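Taking it in order: structure first as structure tokens, then the write-up.
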Amino acid sequence: MLFRSSWLRDPQGEVERISKAFNEALTSIKTPAKPAERKVKVEPIHTLKNSDQSSPTESTFVNLFNDVETWSALEPSIIGTKEHLDYLYDTNVINAIEKIASQLTNVEGPVSAERFAKFIGACFGLNRVVANRVDSINSLRLPGFQRDEEGFIFPKGETYFTFKIWRKGTENEGRNLGAISLSEISNCMRDVAFAGQGVRKDQLYKEASRLLGIAKVSATSNDRLDAALKFAIANGRLINSGEYLQAVTI
């Protein structure tokens, strides 16, 4: 009743009193303190994914090696006729083959004996190079060119030990592992191990295969990778460190 009578006697005063009380109540409420922002510096890191989790599109290693040159096949140019290959003792023919060998290995890196013979044959107009012709072409001694135990011919002045690079493969253009020298495969393995600061054998095989353009790992390719790993360890590119393989840096 007191509130009602006050309102009837002095409505304007009651309005002002209520308004004042409301404003005081608002100002008396403390504004919650805003929590201080914590700035966290996140450094980019490279992590090795489990080999079962990684995929060709999300492979860490594929991204790390974007600057590595991509392998591409050299197209042969016809410079003579098949009859010229019957005169492999002729100086002019030998000189021509030497120039082809230089161009081929500079573009493709170490090439197998079969690839070399077929490419030479194509340059002399042959669509098919028979086994005897393959042997005769590969029997040529070309000054400055070295071959490894498998018959791969290296760029002039290089050997299986001094050759330190490798080339990436792609889905559209690549080589099977049998057409890649153990030296080149081991170079790829070395770089994978170095980038990962040590990798397990299964990871090493999957990443090296992927980088070299091998889409599917088979028993045959695993045998080739085994041989390359053995080669890499024997020639000082990799070392065993427990369950991990480490790159040897010079």
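A note on labels: chains of the structure tokens are A, B, ... as shown, every chain counts residues from 1, and ligands are counted from 1 in their shown order.
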
What's around A:Asn127 at 10 Å? Count only C-alpha atoms, leave out sequence neighbours fewer than 4 positions away in its own chain, and write the answer as a compact mmCIF listing (two decimals) with C-alpha atoms, in the first residue's frame.
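Final output, saved to part_17.txt:
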```txt
# COMPACT_ATOMS: atom_id res chain seq x y z
CA LYS A 82 70.43 -50.28 -89.88
CA LYS A 118 67.24 -50.31 -78.16
CA PHE A 119 67.78 -46.55 -78.22
CA GLY A 121 68.90 -49.24 -82.70
CA ALA A 122 66.05 -46.71 -82.97
CA CYS A 123 68.54 -44.01 -83.96
```

For atom CA of A:Val107 and atom CA of A:Trp71, the interatomic separation in Å (one decimal): 8.1 Å

Stretch 77-169 of chain A: residues DSSP assigns to helix (DSSP H, G or I), reported as a PyMOL selection string: chain A and resi 82-86+91-108+113-123+131-138
